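Undergrad: What follows is the file target.txt, containing compact mmCIF, C-alpha atoms and all ligand atoms:
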# COMPACT_ATOMS: atom_id res chain seq x y z
CA MET L 94 127.13 -67.42 -164.69
CA PRO L 95 125.27 -64.28 -165.88
CA SER L 96 122.55 -64.58 -168.51
CA TYR L 97 121.21 -62.17 -171.15
CA ILE L 98 124.73 -61.39 -172.24
CA GLY L 99 125.60 -58.51 -174.59
CA LYS L 100 123.08 -57.90 -177.38
CA HIS L 101 120.68 -60.44 -175.87
CA ALA L 102 119.95 -57.89 -173.10
CA SER L 103 119.12 -55.18 -175.64
CA LEU L 104 116.52 -57.50 -177.23
CA TYR L 105 114.89 -58.52 -173.92
CA ASP L 106 112.16 -55.85 -173.97
CA LEU L 107 111.27 -56.77 -177.55
CA PHE L 108 110.97 -60.46 -176.65
CA TYR L 109 108.67 -59.67 -173.71
CA SER L 110 106.77 -56.77 -175.27
CA ASP L 111 103.47 -58.62 -174.79
CA LYS L 112 104.04 -59.15 -171.03
CA ASP L 113 101.74 -56.87 -169.03
CA TYR L 114 104.23 -55.41 -166.54
CA LYS L 115 101.81 -52.67 -165.51
CA ALA L 116 99.07 -55.12 -164.47
CA GLU L 117 101.66 -57.30 -162.72
CA SER L 118 103.05 -54.32 -160.81
CA ASP L 119 99.52 -53.26 -159.80
CA PHE L 120 98.96 -56.80 -158.48
CA ILE L 121 102.22 -56.70 -156.46
CA HIS L 122 101.35 -53.27 -155.06
CA GLN L 123 97.90 -54.54 -154.03
CA LEU L 124 99.45 -57.53 -152.20
CA ILE L 125 101.81 -55.19 -150.36
CA LEU L 126 98.96 -52.86 -149.35
CA GLU L 127 96.81 -55.75 -148.13
CA THR L 128 99.67 -57.11 -146.04
CA ASN L 129 100.56 -53.94 -144.22
CA GLY L 130 98.49 -50.95 -145.26
CA ASN L 131 100.65 -48.32 -146.88
CA GLU L 132 103.47 -48.41 -144.38
CA TYR L 133 105.91 -50.25 -146.63
CA ASN L 134 108.17 -47.97 -148.60
CA GLU L 135 111.70 -49.34 -149.01
CA LEU L 136 111.82 -51.95 -151.75
CA LEU L 137 114.66 -54.16 -153.01
CA GLU L 138 114.25 -56.02 -156.27
CA LEU L 139 116.44 -59.04 -157.04
CA ALA L 140 117.01 -59.99 -160.69
CA CYS L 141 115.25 -56.82 -161.90
CA GLY L 142 116.17 -57.34 -165.57
CA THR L 143 115.63 -54.13 -167.53
CA GLY L 144 113.57 -52.60 -164.71
CA ASN L 145 110.06 -53.07 -166.06
CA HIS L 146 108.38 -53.79 -162.70
CA ALA L 147 110.54 -51.25 -160.85
CA PHE L 148 109.49 -48.34 -163.10
CA PHE L 149 105.79 -49.03 -162.52
CA LEU L 150 106.25 -49.60 -158.77
CA GLU L 151 108.19 -46.37 -158.42
CA LYS L 152 105.03 -44.56 -159.54
CA LYS L 153 103.23 -46.10 -156.52
CA GLY L 154 105.64 -44.27 -154.23
CA TYR L 155 108.26 -46.88 -153.34
CA SER L 156 111.92 -46.04 -152.97
CA ILE L 157 113.61 -48.79 -155.00
CA LEU L 158 117.01 -50.43 -155.23
CA ALA L 159 116.87 -52.77 -158.23
CA THR L 160 119.65 -55.34 -158.75
CA ASP L 161 120.69 -57.92 -161.31
CA ASN L 162 123.89 -59.84 -162.06
CA SER L 163 123.81 -59.18 -165.82
CA ASP L 164 125.69 -56.00 -166.76
CA GLY L 165 123.78 -55.94 -170.07
CA MET L 166 120.40 -55.91 -168.29
CA ILE L 167 121.54 -53.25 -165.80
CA ASP L 168 122.89 -51.11 -168.67
CA GLN L 169 119.51 -51.31 -170.42
CA ALA L 170 117.70 -50.44 -167.18
CA LYS L 171 119.96 -47.41 -166.60
CA ILE L 172 119.38 -46.13 -170.15
CA LYS L 173 115.61 -46.41 -169.59
CA ALA L 174 115.89 -44.73 -166.17
CA SER L 175 117.67 -41.71 -167.63
CA GLU L 176 115.18 -41.47 -170.53
CA ARG L 177 112.26 -41.31 -168.09
CA SER L 178 113.98 -39.34 -165.29
CA SER L 179 113.42 -42.21 -162.88
CA ASN L 180 114.95 -42.30 -159.40
CA VAL L 181 115.12 -46.10 -159.26
CA GLN L 182 118.69 -47.03 -158.31
CA PHE L 183 120.05 -49.84 -160.50
CA ARG L 184 123.08 -51.82 -159.35
CA MET L 185 124.81 -54.90 -160.66
CA ILE L 186 124.60 -57.33 -157.70
CA ASP L 187 124.31 -61.09 -157.79
CA MET L 188 121.39 -62.06 -155.57
CA ARG L 189 123.75 -64.32 -153.62
CA ASP L 190 125.65 -61.20 -152.53
CA ILE L 191 122.86 -59.04 -151.12
CA GLY L 192 124.29 -59.57 -147.63
CA ASP L 193 126.75 -56.78 -148.54
CA ILE L 194 123.99 -54.17 -148.98
CA PRO L 195 124.29 -51.98 -145.86
CA ARG L 196 120.56 -51.42 -145.16
CA LYS L 197 117.20 -53.14 -144.71
CA PHE L 198 113.96 -53.11 -146.70
CA ASP L 199 110.21 -53.46 -146.16
CA VAL L 200 109.66 -55.51 -149.31
CA ILE L 201 111.94 -57.73 -151.39
CA LEU L 202 110.86 -58.98 -154.82
CA CYS L 203 112.24 -61.73 -157.05
CA LEU L 204 109.94 -62.07 -160.08
CA PHE L 205 109.56 -63.92 -163.37
CA ASP L 206 111.19 -67.21 -162.35
CA SER L 207 114.56 -65.62 -161.62
CA ILE L 208 115.02 -67.65 -158.43
CA GLY L 209 115.34 -70.78 -160.59
CA TYR L 210 118.67 -69.56 -162.01
CA LEU L 211 120.23 -70.44 -158.66
CA ILE L 212 119.60 -74.17 -159.36
CA SER L 213 120.73 -75.80 -156.10
CA ASN L 214 118.90 -76.01 -152.75
CA ASP L 215 122.02 -74.66 -151.04
CA ASN L 216 122.14 -71.54 -153.25
CA ILE L 217 118.43 -70.90 -152.85
CA ARG L 218 118.45 -71.32 -149.07
CA ALA L 219 121.51 -69.02 -148.83
CA VAL L 220 119.62 -66.31 -150.74
CA PHE L 221 116.46 -66.80 -148.64
CA LYS L 222 118.55 -66.42 -145.46
CA ASN L 223 120.02 -63.17 -146.78
CA VAL L 224 116.57 -61.97 -147.84
CA TYR L 225 115.33 -62.67 -144.30
CA ASP L 226 118.24 -60.70 -142.81
CA LYS L 227 117.71 -57.77 -145.19
CA LEU L 228 114.01 -57.42 -144.33
CA ASN L 229 112.68 -55.24 -141.54
CA GLU L 230 110.54 -57.01 -138.93
CA GLY L 231 107.21 -57.94 -140.56
CA GLY L 232 108.68 -57.28 -144.02
CA ILE L 233 107.56 -59.33 -147.00
CA PHE L 234 109.22 -61.35 -149.72
CA ILE L 235 107.37 -61.95 -152.99
CA VAL L 236 108.88 -64.64 -155.17
CA GLU L 237 107.58 -65.93 -158.52
CA PHE L 238 108.77 -69.34 -159.66
CA TRP L 239 108.38 -71.81 -162.53
CA HIS L 240 105.88 -74.51 -161.59
CA ALA L 241 107.05 -78.10 -162.10
CA ALA L 242 103.58 -79.52 -162.71
CA ALA L 243 102.88 -77.35 -165.77
CA MET L 244 106.43 -77.72 -167.02
CA LEU L 245 106.34 -81.51 -166.98
CA LYS L 246 102.87 -81.65 -168.46
CA GLY L 247 103.21 -79.15 -171.25
CA TYR L 248 106.70 -77.87 -172.09
CA ASP L 249 107.55 -77.25 -175.74
CA PRO L 250 110.87 -78.85 -176.75
CA ILE L 251 111.13 -76.26 -179.53
CA ARG L 252 109.55 -72.85 -180.01
CA ILE L 253 110.04 -70.39 -182.83
CA LYS L 254 109.06 -66.72 -182.66
CA ARG L 255 109.56 -63.88 -185.09
CA TRP L 256 109.50 -60.07 -184.62
CA LYS L 257 109.77 -57.05 -186.93
CA PHE L 258 112.07 -54.53 -185.27
CA GLU L 259 113.03 -51.15 -186.78
CA ASN L 260 114.73 -52.07 -190.10
CA SER L 261 115.23 -55.71 -189.29
CA GLU L 262 113.55 -59.04 -188.67
CA ILE L 263 114.44 -61.17 -185.68
CA LEU L 264 113.88 -64.90 -185.40
CA ARG L 265 114.35 -66.71 -182.09
CA ILE L 266 114.49 -70.46 -181.77
CA SER L 267 114.24 -71.79 -178.20
CA GLU L 268 115.19 -75.44 -177.70
CA THR L 269 114.40 -76.86 -174.27
CA SER L 270 115.71 -80.06 -172.74
CA ILE L 271 114.68 -81.22 -169.30
CA ASP L 272 116.62 -83.02 -166.61
CA ILE L 273 114.04 -84.52 -164.26
CA ARG L 274 116.46 -85.47 -161.53
CA SER L 275 117.77 -81.93 -160.98
CA GLN L 276 114.40 -80.36 -161.93
CA THR L 277 116.14 -78.14 -164.44
CA CYS L 278 115.80 -77.14 -168.08
CA ASP L 279 118.48 -76.07 -170.46
CA VAL L 280 116.99 -73.55 -172.84
CA ARG L 281 119.17 -72.90 -175.87
CA TYR L 282 118.32 -69.62 -177.62
CA SER L 283 119.46 -69.12 -181.21
CA ILE L 284 118.72 -65.60 -182.36
CA TYR L 285 119.02 -64.42 -185.96
CA GLN L 286 118.69 -60.75 -186.84
CA THR L 287 118.48 -59.92 -190.57
CA ASN L 288 118.68 -56.25 -191.51
CA ASN L 289 117.10 -54.62 -194.55
CA ASP L 290 120.55 -53.59 -195.81
CA GLY L 291 121.57 -57.26 -196.10
CA THR L 292 123.71 -57.41 -192.94
CA TYR L 293 122.87 -59.95 -190.26
CA PHE L 294 123.68 -60.90 -186.69
CA ILE L 295 123.54 -64.26 -184.92
CA LEU L 296 123.76 -64.94 -181.21
CA GLU L 297 123.42 -68.04 -179.09
CA GLU L 298 122.95 -68.41 -175.35
CA THR L 299 121.99 -71.38 -173.21
CA GLN L 300 120.28 -70.72 -169.89
CA LYS L 301 119.69 -73.24 -167.12
CA ASN L 302 116.66 -72.74 -164.91
CA ARG L 303 114.91 -74.79 -162.26
CA PHE L 304 111.24 -75.59 -161.72
CA PHE L 305 109.64 -76.26 -158.31
CA LEU L 306 106.57 -77.75 -156.69
CA LEU L 307 104.60 -75.55 -154.32
CA GLN L 308 105.38 -77.46 -151.12
CA GLU L 309 109.04 -77.59 -152.01
CA MET L 310 109.26 -73.80 -152.33
CA SER L 311 107.18 -73.27 -149.17
CA GLY L 312 109.42 -75.71 -147.26
CA MET L 313 112.60 -73.88 -148.25
CA LEU L 314 111.09 -70.53 -147.21
CA GLU L 315 109.82 -71.95 -143.91
CA ASP L 316 113.27 -73.43 -143.21
CA CYS L 317 114.50 -69.85 -143.40
CA HIS L 318 111.83 -68.69 -140.88
CA PHE L 319 109.36 -67.18 -143.32
CA ASN L 320 105.64 -67.47 -142.75
CA ILE L 321 103.79 -68.32 -146.00
CA VAL L 322 100.95 -65.80 -146.24
CA ASN L 323 99.54 -66.92 -149.59
CA ASN L 324 100.25 -68.49 -152.98
CA PHE L 325 98.75 -67.39 -156.30
CA ALA L 326 98.37 -68.87 -159.77
CA GLY L 327 100.35 -66.12 -161.46
CA TYR L 328 99.17 -62.53 -161.17
CA ASN L 329 95.63 -63.58 -160.43
CA LYS L 330 93.66 -64.01 -157.23
CA GLU L 331 90.72 -65.90 -158.69
CA LYS L 332 92.42 -68.86 -160.33
CA ALA L 333 93.28 -72.05 -158.44
CA ILE L 334 96.80 -73.44 -158.69
CA ASN L 335 96.73 -76.58 -160.81
CA GLU L 336 98.78 -78.50 -163.37
CA ASP L 337 98.24 -75.72 -165.94
CA THR L 338 99.71 -73.01 -163.70
CA TRP L 339 103.11 -72.12 -165.19
CA HIS L 340 104.12 -69.46 -162.67
CA ILE L 341 103.36 -69.39 -158.94
CA ILE L 342 103.68 -66.28 -156.80
CA THR L 343 104.40 -66.85 -153.13
CA LEU L 344 103.95 -64.09 -150.56
CA ALA L 345 106.07 -64.79 -147.47
CA GLN L 346 106.49 -62.68 -144.35
CA LYS L 347 109.40 -62.33 -141.95
CA VAL L 348 108.39 -63.64 -138.55
CA LYS L 349 110.39 -63.46 -135.32
CA ARG L 350 112.66 -66.47 -134.77
C1 LIG L 401 113.56 -63.92 -166.87
S1 LIG L 401 114.58 -62.57 -166.43
C2 LIG L 401 113.46 -61.66 -165.36
C3 LIG L 401 113.84 -60.20 -165.27
C4 LIG L 401 112.80 -59.32 -164.58
N1 LIG L 401 112.57 -59.74 -163.21
C5 LIG L 401 111.50 -59.31 -165.36
O1 LIG L 401 110.46 -59.66 -164.78
O2 LIG L 401 111.52 -58.91 -166.53
C6 LIG L 401 115.69 -63.31 -165.26
C7 LIG L 401 116.69 -62.33 -164.68
O3 LIG L 401 117.42 -62.97 -163.64
C8 LIG L 401 118.73 -62.44 -163.68
N2 LIG L 401 119.59 -63.33 -162.88
C9 LIG L 401 119.91 -64.62 -163.12
N3 LIG L 401 120.71 -65.10 -162.15
C10 LIG L 401 120.90 -64.09 -161.26
C11 LIG L 401 121.65 -63.96 -160.05
N4 LIG L 401 122.36 -64.99 -159.55
N5 LIG L 401 121.62 -62.77 -159.40
C12 LIG L 401 120.92 -61.73 -159.89
N6 LIG L 401 120.21 -61.79 -161.05
C13 LIG L 401 120.19 -62.96 -161.72
C14 LIG L 401 119.04 -62.37 -165.16
O4 LIG L 401 120.14 -61.56 -165.46
C15 LIG L 401 117.71 -61.82 -165.69
O5 LIG L 401 117.72 -60.42 -165.71
Output the structure of this file as structure tokens.
TA:
Amino acid sequence: MPSYIGKHASLYDLFYSDKDYKAESDFIHQLILETNGNEYNELLELACGTGNHAFFLEKKGYSILATDNSDGMIDQAKIKASERSSNVQFRMIDMRDIGDIPRKFDVILCLFDSIGYLISNDNIRAVFKNVYDKLNEGGIFIVEFWHAAAMLKGYDPIRIKRWKFENSEILRISETSIDIRSQTCDVRYSIYQTNNDGTYFILEETQKNRFFLLQEMSGMLEDCHFNIVNNFAGYNKEKAINEDTWHIITLAQKVKR
């Protein structure tokens, strides 16, 4: 089921306005360069959201097809693309359906824990197999996932955040419940927008996402014939992965079967 439905998609960039997409995109570009010089050009992004990584990576010279299964997120990305005369191609594609894309890529990205929306091992392996097939020989897959150790140690059952936005105030309550057996969280977002003219808007959306341990993710990628090149504690090469690492980035390479 798609997430970030309707108005929720138009608020996404506000909610993540403190996320440093430029630094993250620089980090991704550096990993790509270190893996294969500057020979990689064709890039496919899965679950691109509103395009924040894609717009920065385009400036590094990649030709980008950016996909997501939320029409709201793709609409936002297309509006931004036309405002900044970007050539990133945005298409609404569920990552389970990338087998239908009639070409191959040098790099495939799936960032900011989006892989966890697939929930089951079967879904995730099916996507990894398609990613493998859609990569050129030696191509790389960079996947960022929610780390189980940090989640279990430190998740907040309830978080409240507030933003001032144009002539309104927005309050978001996130209520998280965990199911240990399936390694998933249900995050229920309740969003209240109050406008200066006295009108208001309320929306609710519950998202289910999965968290993983490092060996579990590596095992699923290796089952699909990827070679694990490296793992990072977020967008950082210096930090060690430990129980306080919330997001792990895995760099995997397509090897011959
Ligand atoms: C946390 S957002 C990350 C978006 C973007 N990668 C970023 O870094 O801002 C998760 C994204 O995954 C997308 N998504 C969830 N399930 C998906 C699926 N099965 N296929 C494609 N996109 C999916 C959502 O629509 C949403 O845009």
Undergrad: Would you list the contacts of segment 133-142 of chain L as a ChimeraX atom specification, taking every protein, DNA or RNA residue within 9 Å and counting only C-alpha atoms, but skipping same-chain residues closer than 2 positions in sequence?
TA: /L:97,102,105,125-126,129-131,144-147,154-163,165-167,169-170,183,186-188,191,197-205,207-208,232
Undergrad: Pick out the closest residue to ligand LIG 401 (chain L) from this set: L:Leu228, L:Asp193, L:Thr128, L:Trp239. Count all atoms listed in the file.
TA: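 Ranking L:Leu228, L:Asp193, L:Thr128, L:Trp239 by distance to ligand LIG 401 (chain L), first place goes to L:Trp239.
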Undergrad: Can you work out the spacing between atom CA of Phe305 of chain L and atom CA of Asp119 of chain L in Å, to one decimal?
TA: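 A separation of 25.2 Å between them.
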Undergrad: Which residues are near Ser178 of chain L? Cut-off 12 Å, only C-alpha atoms, ignore same chain within fewer than 4 positions. Put them as a list in words.
TA: Phe148, Glu151, Lys152, Ala170, Lys171, Ile172, Lys173, Ala174 and Gln182 of chain L
Undergrad: Ranking L:Arg196, L:Lys301, L:Arg281, L:Lys227 by minimum distance to ligand LIG 401 (chain L) and counting all atoms listed in the file, which one comes first?
TA: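 Checking each of L:Arg196, L:Lys301, L:Arg281, L:Lys227 against ligand LIG 401 (chain L), counting all atoms listed in the file, the winner is L:Lys301.
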Undergrad: Grab all the atoms of ligand LIG 401 (chain L) that the file lists, wrap them in a box along x, y and z, add 4 Å per side, and give me centre plus edge lengths in Å (one decimal) as JSON.
TA:
{"center_x": 116.4, "center_y": -62.0, "center_z": -163.1, "size_x": 19.9, "size_y": 14.2, "size_z": 15.5}
Undergrad: Could you please determine the separation between atom CA of Tyr114 of chain L and atom CA of Met310 of chain L in Å, to one decimal place?
TA: 23.8 Å
Undergrad: Using only C-alpha atoms, which of the listed residues (L:Phe149, L:Lys100, L:Ile334, L:Gly247) sits closest to Ser118 of chain L?
TA: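 Counting only C-alpha atoms, the residue closest to Ser118 of chain L is L:Phe149.
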Undergrad: Could you tell me how far atom CA of Cys278 of chain L lies from atom CA of Asp164 of chain L, in Å and to one decimal?
TA: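 Computing the Euclidean distance for atom CA of Cys278 of chain L and atom CA of Asp164 of chain L yields 23.4 Å.
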Undergrad: From the list L:Lys246, L:Arg177, L:Lys330, L:Arg189, which residue is nearest ligand LIG 401 (chain L) when using only C-alpha atoms and all ligand atoms?
TA: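 Among L:Lys246, L:Arg177, L:Lys330, L:Arg189, it is L:Arg189 that comes nearest to ligand LIG 401 (chain L).
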Undergrad: Between L:Leu124, L:Val236, L:Ile194, L:Met313, which residue has the minimum interatomic distance to ligand LIG 401 (chain L), considering only C-alpha atoms and all ligand atoms?
TA: L:Val236
Undergrad: So, counting all atoms listed in the file, which residue among L:Asp168, L:Asp279, L:Glu262, L:Glu309 is closest to Asn214 of chain L?
TA: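 The answer is L:Glu309, which sits nearest to Asn214 of chain L.
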Undergrad: Can you pull out the residues contacting Ser311 of chain L? Cut-off 9 Å, using all atoms listed in the file, and skip same-chain residues under 5 positions away; I want them as a PyMOL selection string.
TA: chain L and resi 306+316+319-321+343+345
Undergrad: What's around Val220 of chain L at 9 Å? Count only C-alpha atoms, leave out sequence neighbours fewer than 3 positions away in its own chain, and write the answer as a PDB file with C-alpha atoms, keeping the file's coordinate frame.
TA:
ATOM      1  CA  MET L 188     121.390 -62.060-155.570  1.00  0.00           C
ATOM      2  CA  ARG L 189     123.750 -64.320-153.620  1.00  0.00           C
ATOM      3  CA  ASP L 190     125.650 -61.200-152.530  1.00  0.00           C
ATOM      4  CA  ILE L 191     122.860 -59.040-151.120  1.00  0.00           C
ATOM      5  CA  GLY L 192     124.290 -59.570-147.630  1.00  0.00           C
ATOM      6  CA  LEU L 211     120.230 -70.440-158.660  1.00  0.00           C
ATOM      7  CA  ASP L 215     122.020 -74.660-151.040  1.00  0.00           C
ATOM      8  CA  ASN L 216     122.140 -71.540-153.250  1.00  0.00           C
ATOM      9  CA  ILE L 217     118.430 -70.900-152.850  1.00  0.00           C
ATOM     10  CA  ASN L 223     120.020 -63.170-146.780  1.00  0.00           C
ATOM     11  CA  VAL L 224     116.570 -61.970-147.840  1.00  0.00           C
ATOM     12  CA  TYR L 225     115.330 -62.670-144.300  1.00  0.00           C
TER      13      TYR L 225
END
